[in-house]
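S.K.: Okay, so here is work14.txt, and as you'll see once you scroll down, it has compact mmCIF, C-alpha atoms.
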# COMPACT_ATOMS: atom_id res chain seq x y z
CA MET N 20 -29.55 -32.65 -43.80
CA LYS N 21 -32.88 -32.60 -41.95
CA LYS N 22 -35.97 -33.96 -43.69
CA GLY N 23 -37.74 -30.59 -43.67
CA SER N 24 -34.72 -28.79 -45.10
CA ARG N 25 -34.39 -31.42 -47.80
CA LYS N 26 -38.01 -30.91 -48.87
CA TRP N 27 -37.50 -27.16 -49.14
CA LEU N 28 -34.28 -27.67 -51.13
CA VAL N 29 -36.04 -30.05 -53.54
CA ALA N 30 -38.98 -27.66 -53.96
CA GLY N 31 -36.66 -24.70 -54.58
CA SER N 32 -34.61 -26.72 -57.06
CA VAL N 33 -37.74 -27.74 -58.99
CA LEU N 34 -38.88 -24.11 -59.19
CA LEU N 35 -35.45 -22.94 -60.36
CA CYS N 36 -35.36 -25.73 -62.95
CA LEU N 37 -38.77 -24.74 -64.35
CA ILE N 38 -37.69 -21.09 -64.62
CA ILE N 39 -34.50 -22.08 -66.45
CA MET N 40 -36.45 -24.39 -68.80
CA TYR N 41 -38.78 -21.49 -69.59
CA LEU N 42 -35.97 -18.99 -70.20
CA CYS N 43 -33.96 -21.42 -72.32
CA THR N 44 -37.01 -22.15 -74.49
CA LEU N 45 -37.17 -18.42 -75.26
CA THR N 46 -33.43 -18.24 -76.02
CA GLY N 47 -31.85 -19.01 -79.37
CA VAL N 48 -30.16 -17.64 -82.47
CA ALA N 49 -33.43 -17.27 -84.40
CA SER N 50 -34.75 -13.71 -84.33
CA ILE N 51 -37.94 -14.28 -82.32
CA SER N 52 -38.75 -11.53 -79.84
CA PHE N 53 -39.21 -12.32 -76.17
CA TRP N 54 -42.87 -11.26 -76.30
CA ASP N 55 -43.63 -13.29 -79.44
CA ALA N 56 -41.99 -16.39 -77.96
CA ASN N 57 -44.12 -15.96 -74.83
CA ARG N 58 -47.28 -15.65 -76.87
CA ILE N 59 -46.43 -18.82 -78.79
CA LEU N 60 -45.83 -20.77 -75.58
CA LEU N 61 -49.06 -19.56 -73.98
CA HIS N 62 -51.16 -20.23 -77.10
CA GLU N 63 -49.63 -23.43 -78.47
CA VAL N 64 -48.50 -25.19 -75.29
CA PHE N 65 -50.91 -23.95 -72.61
CA HIS N 66 -53.78 -23.35 -75.09
CA LEU N 67 -54.65 -19.92 -73.73
CA ASP N 68 -56.69 -17.48 -75.82
CA ILE N 69 -53.80 -15.22 -76.84
CA SER N 70 -53.65 -13.15 -80.02
CA MET N 71 -51.15 -14.59 -82.52
CA GLU N 72 -51.27 -11.62 -84.88
CA GLY N 73 -47.95 -10.96 -86.61
CA ILE N 74 -46.38 -14.29 -85.66
CA THR N 75 -45.20 -16.45 -88.56
CA GLU N 76 -45.64 -20.22 -88.86
CA GLY N 77 -41.88 -20.54 -88.88
CA SER N 78 -41.61 -18.91 -85.47
CA ILE N 79 -44.30 -21.22 -84.07
CA THR N 80 -42.46 -24.25 -85.44
CA ILE N 81 -39.15 -23.13 -83.94
CA ILE N 82 -40.62 -22.70 -80.44
CA GLN N 83 -43.02 -25.66 -80.44
CA ASN N 84 -41.08 -28.28 -82.39
CA VAL N 85 -37.43 -27.27 -82.03
CA ARG N 86 -36.62 -25.38 -78.84
CA LEU N 87 -39.23 -26.81 -76.44
CA PRO N 88 -38.61 -30.51 -77.20
CA ARG N 89 -34.89 -29.87 -77.11
CA VAL N 90 -35.15 -28.33 -73.64
CA VAL N 91 -37.29 -31.27 -72.45
CA LEU N 92 -34.86 -33.79 -73.94
CA GLY N 93 -31.96 -31.90 -72.36
CA PHE N 94 -33.62 -32.20 -68.97
CA LEU N 95 -34.32 -35.92 -69.43
CA THR N 96 -30.76 -36.58 -70.56
CA GLY N 97 -29.05 -34.61 -67.81
CA ALA N 98 -31.37 -35.97 -65.13
CA SER N 99 -30.82 -39.54 -66.35
CA LEU N 100 -27.03 -39.34 -66.45
CA ALA N 101 -26.88 -37.63 -63.04
CA ILE N 102 -29.10 -40.13 -61.24
CA CYS N 103 -27.21 -43.02 -62.84
CA GLY N 104 -23.96 -41.44 -61.68
CA ALA N 105 -25.34 -41.28 -58.14
CA GLY N 106 -26.27 -44.96 -58.36
CA PHE N 107 -22.87 -46.04 -59.65
CA GLN N 108 -21.05 -43.96 -57.05
CA GLY N 109 -23.23 -45.59 -54.41
CA ILE N 110 -22.45 -49.19 -55.28
CA PHE N 111 -18.78 -48.48 -56.00
CA LYS N 112 -18.49 -46.16 -52.97
CA ASN N 113 -16.30 -43.98 -55.18
CA PRO N 114 -17.06 -40.44 -56.44
CA MET N 115 -14.98 -41.09 -59.58
CA ALA N 116 -17.61 -43.53 -60.88
CA ASP N 117 -20.00 -42.35 -63.59
CA PRO N 118 -22.56 -43.96 -65.94
CA PHE N 119 -19.82 -44.80 -68.46
CA VAL N 120 -17.33 -46.42 -66.06
CA LEU N 121 -18.22 -49.98 -67.14
CA GLY N 122 -17.89 -49.42 -70.87
CA VAL N 123 -21.50 -48.56 -71.65
CA SER N 124 -20.40 -45.59 -73.75
CA SER N 125 -17.86 -47.63 -75.72
CA GLY N 126 -20.44 -50.32 -76.46
CA ALA N 127 -22.96 -47.73 -77.58
CA ALA N 128 -20.35 -45.93 -79.70
CA LEU N 129 -19.34 -49.16 -81.45
CA GLY N 130 -22.98 -50.04 -82.12
CA ALA N 131 -23.69 -46.54 -83.44
CA SER N 132 -20.58 -46.69 -85.64
CA ILE N 133 -21.80 -49.93 -87.21
CA GLY N 134 -25.20 -48.36 -87.81
CA ILE N 135 -23.70 -45.23 -89.39
CA ILE N 136 -21.39 -47.20 -91.65
CA PHE N 137 -23.80 -49.85 -92.90
CA GLN N 138 -26.99 -47.73 -92.88
CA PHE N 139 -29.45 -50.56 -92.28
CA GLY N 140 -32.82 -49.68 -93.70
CA SER N 141 -35.13 -50.54 -90.81
CA GLY N 142 -35.26 -49.98 -87.08
CA PHE N 143 -37.39 -51.20 -84.20
CA LEU N 144 -39.85 -49.57 -81.75
CA GLY N 145 -39.32 -46.16 -83.33
CA MET N 146 -35.51 -46.41 -83.25
CA ASN N 147 -33.50 -46.05 -86.45
CA SER N 148 -30.67 -48.50 -87.05
CA THR N 149 -28.00 -46.27 -85.47
CA THR N 150 -30.04 -45.69 -82.31
CA LEU N 151 -31.04 -49.35 -82.03
CA LEU N 152 -27.50 -50.65 -82.45
CA ALA N 153 -26.19 -48.12 -79.92
CA PHE N 154 -28.80 -49.31 -77.42
CA VAL N 155 -28.01 -52.98 -78.05
CA GLY N 156 -24.26 -52.34 -77.94
CA ALA N 157 -24.52 -50.68 -74.54
CA PHE N 158 -26.52 -53.55 -73.07
CA LEU N 159 -24.31 -56.28 -74.54
CA THR N 160 -21.27 -54.53 -73.12
CA ILE N 161 -22.59 -54.40 -69.56
CA GLY N 162 -23.64 -58.05 -69.85
CA LEU N 163 -20.15 -59.03 -70.98
CA VAL N 164 -18.46 -57.00 -68.23
CA TYR N 165 -20.76 -58.45 -65.57
CA ASN N 166 -20.14 -62.06 -66.64
CA ILE N 167 -16.39 -61.56 -66.82
CA SER N 168 -16.40 -60.14 -63.29
CA LYS N 169 -18.68 -62.72 -61.71
CA ILE N 170 -17.02 -65.03 -59.18
CA GLY N 171 -19.49 -67.67 -58.13
CA LYS N 172 -22.63 -65.81 -57.13
CA LYS N 173 -20.80 -62.60 -56.23
CA VAL N 174 -19.48 -59.68 -58.26
CA PRO N 175 -16.56 -57.87 -56.54
CA MET N 176 -16.70 -54.17 -57.34
CA ALA N 177 -12.95 -53.90 -57.95
CA THR N 178 -13.09 -56.76 -60.48
CA LEU N 179 -16.16 -55.23 -62.12
CA LEU N 180 -14.39 -51.89 -62.51
CA LEU N 181 -11.24 -53.43 -63.99
CA SER N 182 -13.29 -55.57 -66.38
CA GLY N 183 -15.18 -52.47 -67.48
CA ILE N 184 -11.96 -50.61 -68.23
CA ALA N 185 -10.54 -53.54 -70.21
CA VAL N 186 -13.69 -54.12 -72.27
CA SER N 187 -14.11 -50.39 -72.85
CA GLN N 188 -10.60 -50.03 -74.26
CA THR N 189 -11.08 -53.08 -76.49
CA LEU N 190 -14.33 -51.73 -77.92
CA ALA N 191 -12.79 -48.28 -78.42
CA ALA N 192 -9.99 -49.90 -80.42
CA ALA N 193 -12.53 -51.79 -82.53
CA MET N 194 -14.37 -48.54 -83.24
CA SER N 195 -11.11 -46.86 -84.25
CA ILE N 196 -10.44 -49.66 -86.73
CA LEU N 197 -13.91 -49.20 -88.22
CA MET N 198 -13.31 -45.47 -88.59
CA ILE N 199 -9.96 -46.00 -90.32
CA MET N 200 -11.52 -48.51 -92.72
CA ASN N 201 -14.47 -46.20 -93.47
CA ARG N 202 -12.99 -42.72 -93.63
CA GLN N 203 -16.02 -41.32 -95.45
CA ASP N 204 -18.11 -41.84 -92.31
CA MET N 205 -15.45 -40.68 -89.83
CA ASP N 206 -16.85 -37.16 -89.37
CA GLN N 207 -20.34 -38.45 -88.65
CA ILE N 208 -19.06 -40.99 -86.12
CA MET N 209 -16.89 -38.39 -84.39
CA PHE N 210 -19.81 -35.97 -84.16
CA TRP N 211 -21.97 -38.71 -82.60
CA THR N 212 -19.35 -39.43 -79.94
CA MET N 213 -19.25 -35.72 -78.98
CA GLY N 214 -22.94 -35.78 -77.99
CA SER N 215 -25.60 -33.44 -79.32
CA LEU N 216 -29.31 -32.71 -78.97
CA ASN N 217 -29.46 -31.13 -82.42
CA GLY N 218 -32.22 -32.45 -84.67
CA LYS N 219 -34.00 -34.32 -81.88
CA GLY N 220 -37.70 -33.85 -81.22
CA TRP N 221 -40.80 -35.19 -79.53
CA SER N 222 -40.49 -38.64 -81.14
CA GLN N 223 -37.12 -39.23 -79.45
CA ILE N 224 -38.54 -38.09 -76.11
CA VAL N 225 -41.48 -40.50 -76.39
CA MET N 226 -39.08 -43.29 -77.36
CA ILE N 227 -36.74 -43.01 -74.36
CA LEU N 228 -39.28 -41.92 -71.73
CA PRO N 229 -40.50 -45.45 -70.73
CA TYR N 230 -36.92 -46.63 -70.16
CA VAL N 231 -36.05 -43.53 -68.14
CA ILE N 232 -39.17 -43.85 -65.97
CA LEU N 233 -38.65 -47.57 -65.31
CA GLY N 234 -34.97 -47.18 -64.49
CA THR N 235 -35.57 -44.14 -62.29
CA VAL N 236 -38.24 -45.97 -60.27
CA LEU N 237 -35.85 -48.89 -59.73
CA LEU N 238 -33.10 -46.54 -58.55
CA PHE N 239 -35.42 -44.62 -56.22
CA THR N 240 -36.56 -47.88 -54.61
CA SER N 241 -32.90 -48.75 -53.92
CA CYS N 242 -32.14 -45.64 -51.84
CA ARG N 243 -32.53 -47.29 -48.42
CA GLU N 244 -30.29 -50.24 -49.35
CA LEU N 245 -27.66 -47.94 -50.86
CA ASP N 246 -27.63 -45.86 -47.67
CA ILE N 247 -27.03 -49.00 -45.61
CA MET N 248 -24.31 -50.20 -48.01
CA LEU N 249 -22.36 -47.00 -47.31
CA THR N 250 -21.43 -48.62 -43.99
CA GLY N 251 -19.78 -51.52 -45.85
CA GLU N 252 -21.03 -54.67 -47.54
CA GLU N 253 -20.48 -56.92 -44.51
CA ALA N 254 -22.44 -54.59 -42.24
CA ALA N 255 -25.20 -54.30 -44.87
CA ILE N 256 -25.50 -58.11 -45.08
CA GLN N 257 -25.79 -58.34 -41.31
CA LEU N 258 -28.60 -55.76 -41.44
CA GLY N 259 -30.51 -57.92 -43.91
CA VAL N 260 -29.62 -56.27 -47.21
CA ASN N 261 -29.29 -58.56 -50.22
CA VAL N 262 -26.15 -56.80 -51.46
CA GLU N 263 -25.73 -58.76 -54.69
CA PHE N 264 -29.36 -58.19 -55.66
CA VAL N 265 -29.00 -54.45 -55.03
CA LYS N 266 -25.88 -54.36 -57.22
CA LYS N 267 -27.72 -56.12 -60.06
CA LYS N 268 -30.73 -53.86 -59.66
CA VAL N 269 -28.67 -50.65 -59.76
CA LEU N 270 -26.52 -51.89 -62.65
CA PHE N 271 -29.57 -52.92 -64.68
CA ALA N 272 -31.50 -49.71 -64.01
CA SER N 273 -28.51 -47.45 -64.69
CA THR N 274 -27.59 -49.30 -67.86
CA LEU N 275 -31.20 -49.23 -69.10
CA ILE N 276 -31.43 -45.46 -68.61
CA THR N 277 -27.95 -44.66 -69.93
CA ALA N 278 -28.29 -46.90 -72.99
CA ALA N 279 -31.64 -45.37 -73.92
CA VAL N 280 -30.44 -41.79 -73.52
CA ILE N 281 -27.06 -41.97 -75.22
CA SER N 282 -28.45 -44.03 -78.10
CA VAL N 283 -30.36 -40.86 -79.02
CA THR N 284 -27.99 -38.08 -77.94
CA GLY N 285 -24.55 -39.65 -78.29
CA ILE N 286 -21.99 -39.58 -75.49
CA ILE N 287 -22.33 -36.64 -73.11
CA GLY N 288 -19.67 -36.93 -70.45
CA PHE N 289 -19.06 -35.54 -66.96
CA VAL N 290 -22.73 -34.94 -66.05
CA GLY N 291 -22.93 -38.19 -64.10
CA LEU N 292 -19.57 -37.49 -62.46
CA VAL N 293 -19.91 -33.84 -61.49
CA VAL N 294 -23.56 -33.39 -60.54
CA PRO N 295 -23.91 -36.11 -57.87
CA HIS N 296 -20.73 -34.94 -56.18
CA VAL N 297 -21.92 -31.33 -56.08
CA VAL N 298 -25.28 -32.45 -54.68
CA ARG N 299 -23.51 -34.64 -52.10
CA MET N 300 -21.59 -31.59 -50.87
CA ILE N 301 -24.86 -29.64 -50.53
CA ALA N 302 -27.30 -32.25 -49.22
CA GLY N 303 -25.10 -34.99 -47.77
CA PRO N 304 -24.50 -38.60 -48.81
CA LYS N 305 -27.93 -40.10 -48.05
CA HIS N 306 -29.50 -41.33 -51.29
CA ARG N 307 -33.04 -40.29 -50.35
CA GLY N 308 -31.90 -36.72 -50.88
CA LEU N 309 -29.06 -37.39 -53.29
CA MET N 310 -31.14 -39.16 -55.95
CA PRO N 311 -33.95 -36.60 -56.47
CA LEU N 312 -31.62 -33.61 -56.21
CA SER N 313 -29.15 -35.18 -58.66
CA LEU N 314 -32.04 -35.70 -61.07
CA ILE N 315 -33.12 -32.05 -60.84
CA PHE N 316 -29.60 -30.56 -60.84
CA GLY N 317 -28.47 -32.82 -63.69
CA GLY N 318 -31.39 -31.85 -65.91
CA THR N 319 -30.91 -28.15 -65.15
CA PHE N 320 -27.16 -28.33 -65.77
CA LEU N 321 -27.54 -29.94 -69.19
CA ILE N 322 -30.28 -27.52 -70.27
CA ILE N 323 -27.94 -24.62 -69.53
CA CYS N 324 -25.01 -26.31 -71.32
CA ASP N 325 -27.13 -27.08 -74.39
CA THR N 326 -28.48 -23.54 -74.55
CA LEU N 327 -24.90 -22.26 -74.53
CA ALA N 328 -23.97 -24.83 -77.19
CA ARG N 329 -26.68 -23.63 -79.60
CA SER N 330 -26.42 -19.91 -78.82
CA MET N 331 -22.71 -19.12 -78.46
CA ALA N 332 -21.95 -19.14 -82.20
CA VAL N 333 -23.63 -19.22 -85.61
CA TRP N 334 -22.68 -22.90 -85.91
CA GLU N 335 -23.66 -25.29 -83.16
CA ILE N 336 -21.13 -26.69 -80.70
CA PRO N 337 -21.77 -30.30 -79.58
CA VAL N 338 -23.06 -30.14 -76.01
CA GLY N 339 -20.60 -32.86 -74.96
CA ILE N 340 -17.81 -30.33 -75.50
CA ILE N 341 -19.49 -27.82 -73.18
CA THR N 342 -20.02 -30.40 -70.42
CA ALA N 343 -16.40 -31.52 -70.78
CA LEU N 344 -15.20 -27.92 -70.44
CA CYS N 345 -17.17 -27.65 -67.20
CA GLY N 346 -16.48 -31.17 -65.92
CA GLY N 347 -12.80 -31.46 -66.76
CA PRO N 348 -11.59 -28.83 -64.27
CA PHE N 349 -13.91 -30.29 -61.63
CA PHE N 350 -12.41 -33.74 -62.22
CA VAL N 351 -8.96 -32.25 -61.64
CA TYR N 352 -10.29 -30.76 -58.40
CA LEU N 353 -11.42 -34.23 -57.28
CA LEU N 354 -8.01 -35.67 -58.03
CA ARG N 355 -6.28 -32.93 -56.06
CA LYS N 356 -8.67 -33.48 -53.16
CA MET N 357 -7.92 -37.21 -53.21
CA LYS N 358 -4.17 -36.46 -53.28
CA ARG N 359 -4.57 -34.38 -50.13
CA GLY N 360 -6.57 -37.10 -48.41
CA GLY N 361 -9.88 -35.29 -48.66
CA ASN N 362 -13.19 -36.87 -47.70
CA PHE N 363 -15.62 -37.45 -50.56
CA SER N 364 -18.68 -38.32 -48.51
In structure tokens, how does this file's structure come out?
M.R.:
Amino acid sequence: MKKGSRKWLVAGSVLLCLIIMYLCTLTGVASISFWDANRILLHEVFHLDISMEGITEGSITIIQNVRLPRVVLGFLTGASLAICGAGFQGIFKNPMADPFVLGVSSGAALGASIGIIFQFGSGFLGMNSTTLLAFVGAFLTIGLVYNISKIGKKVPMATLLLSGIAVSQTLAAAMSILMIMNRQDMDQIMFWTMGSLNGKGWSQIVMILPYVILGTVLLFTSCRELDIMLTGEEAAIQLGVNVEFVKKKVLFASTLITAAVISVTGIIGFVGLVVPHVVRMIAGPKHRGLMPLSLIFGGTFLIICDTLARSMAVWEIPVGIITALCGGPFFVYLLRKMKRGGNFS
């Protein structure tokens, strides 16, 4: 895709995302009229001199402290998972890779399970015990997988992938044992693993934002090297790319972002798998376009899924179920395309 066309596509995507964020903030099961919700947004968020006559405090709280932060968190979560998926697919050169391919989700789930079961009284840096242990579990897992895979000073991608699968299955088994031994907490653990934005607010956004920003900057500064690595590692080395450093950088940044996000929301699958592939089909494989568009598309996709999750029924459906319903059929499509010898670039 030409540079000018890419800029217009990014600008259009940003505008569409803002419109969807606005509409989804106005949408919900609570009986707040479209006009009242608009007045609340204009007065409370944009601080415009708008009459608030007839609007209850409850309605203001729902818009300002429930729906709006949830939409913002949904964007951050979807954007984070999508850009991490693009990074993983870049270093693995495989569209089947996603942010959870190396066992990050299993490590986070085990950590969260321990936190739910033992209910430690204190947290750290604004994280409660469940969130903190999920974050630590995700990082310890990627460290273990990386060290198992390391051969000398190099980390072969095939070995890294196999190590991730093995460690992930082991941690999943450990979590299952914990659930069997603590049946009273099984429902809470299962709900966490389904992924949900319910009950999250501005404090969670402030908590994860520094990690998301740092990781995103690291990934954006890796675009040129990832583009070169698409030609093959040997060719990239000859062109002066420090391939092993780029791998470490992308792995660290992606793990940092993913661990921070899922420690708050639980496991939300398929976003990091589906979105980068869709963007790649639209904008091409170059990461300078792929990364920002994946970020925007991923955030928009999860906002829509979460709005459906909280609006389709009286009781809330975990958003991870909605993303799985959308992503599962697409995953089957990828498998069928691979079977037919399709090109994923």
S.K.: So that I can check the surroundings of Thr277 in chain N, please list as a ChimeraX atom specification every protein, DNA and RNA residue that reaches within 9 Å of it, counting all atoms listed in the file and ignoring chain neighbours fewer than 5 positions away.
M.R.: /N:96,99-100,103,118-119,123-124,154,157,231,272,282
S.K.: Check the smallest atom-to-atom distance from each of N:Ser273, N:Gln203, N:Ser215, N:Thr326 to Ile232 in chain N using only C-alpha atoms, then report the winner.
M.R.: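 For Ile232 in chain N, the nearest of the candidates is N:Ser273.
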S.K.: Between CA of Thr189 in chain N and CA of Gly122 in chain N, what is the distance, to one decimal in Å?
M.R.: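 Those two atoms sit 9.6 Å apart.
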S.K.: Nearest to Ile170 in chain N among N:Leu45, N:His296, N:Glu263, N:Ile208, with distances taken over all atoms listed in the file: which residue is it?
M.R.: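 Nearest to Ile170 in chain N: N:Glu263.
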S.K.: Pick out the closest residue to Ile323 in chain N from this set: N:Lys356, N:Arg89, N:Arg25, N:Lys173. Count all atoms listed in the file.
M.R.: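 Closest to Ile323 in chain N, using all atoms listed in the file: N:Arg89.
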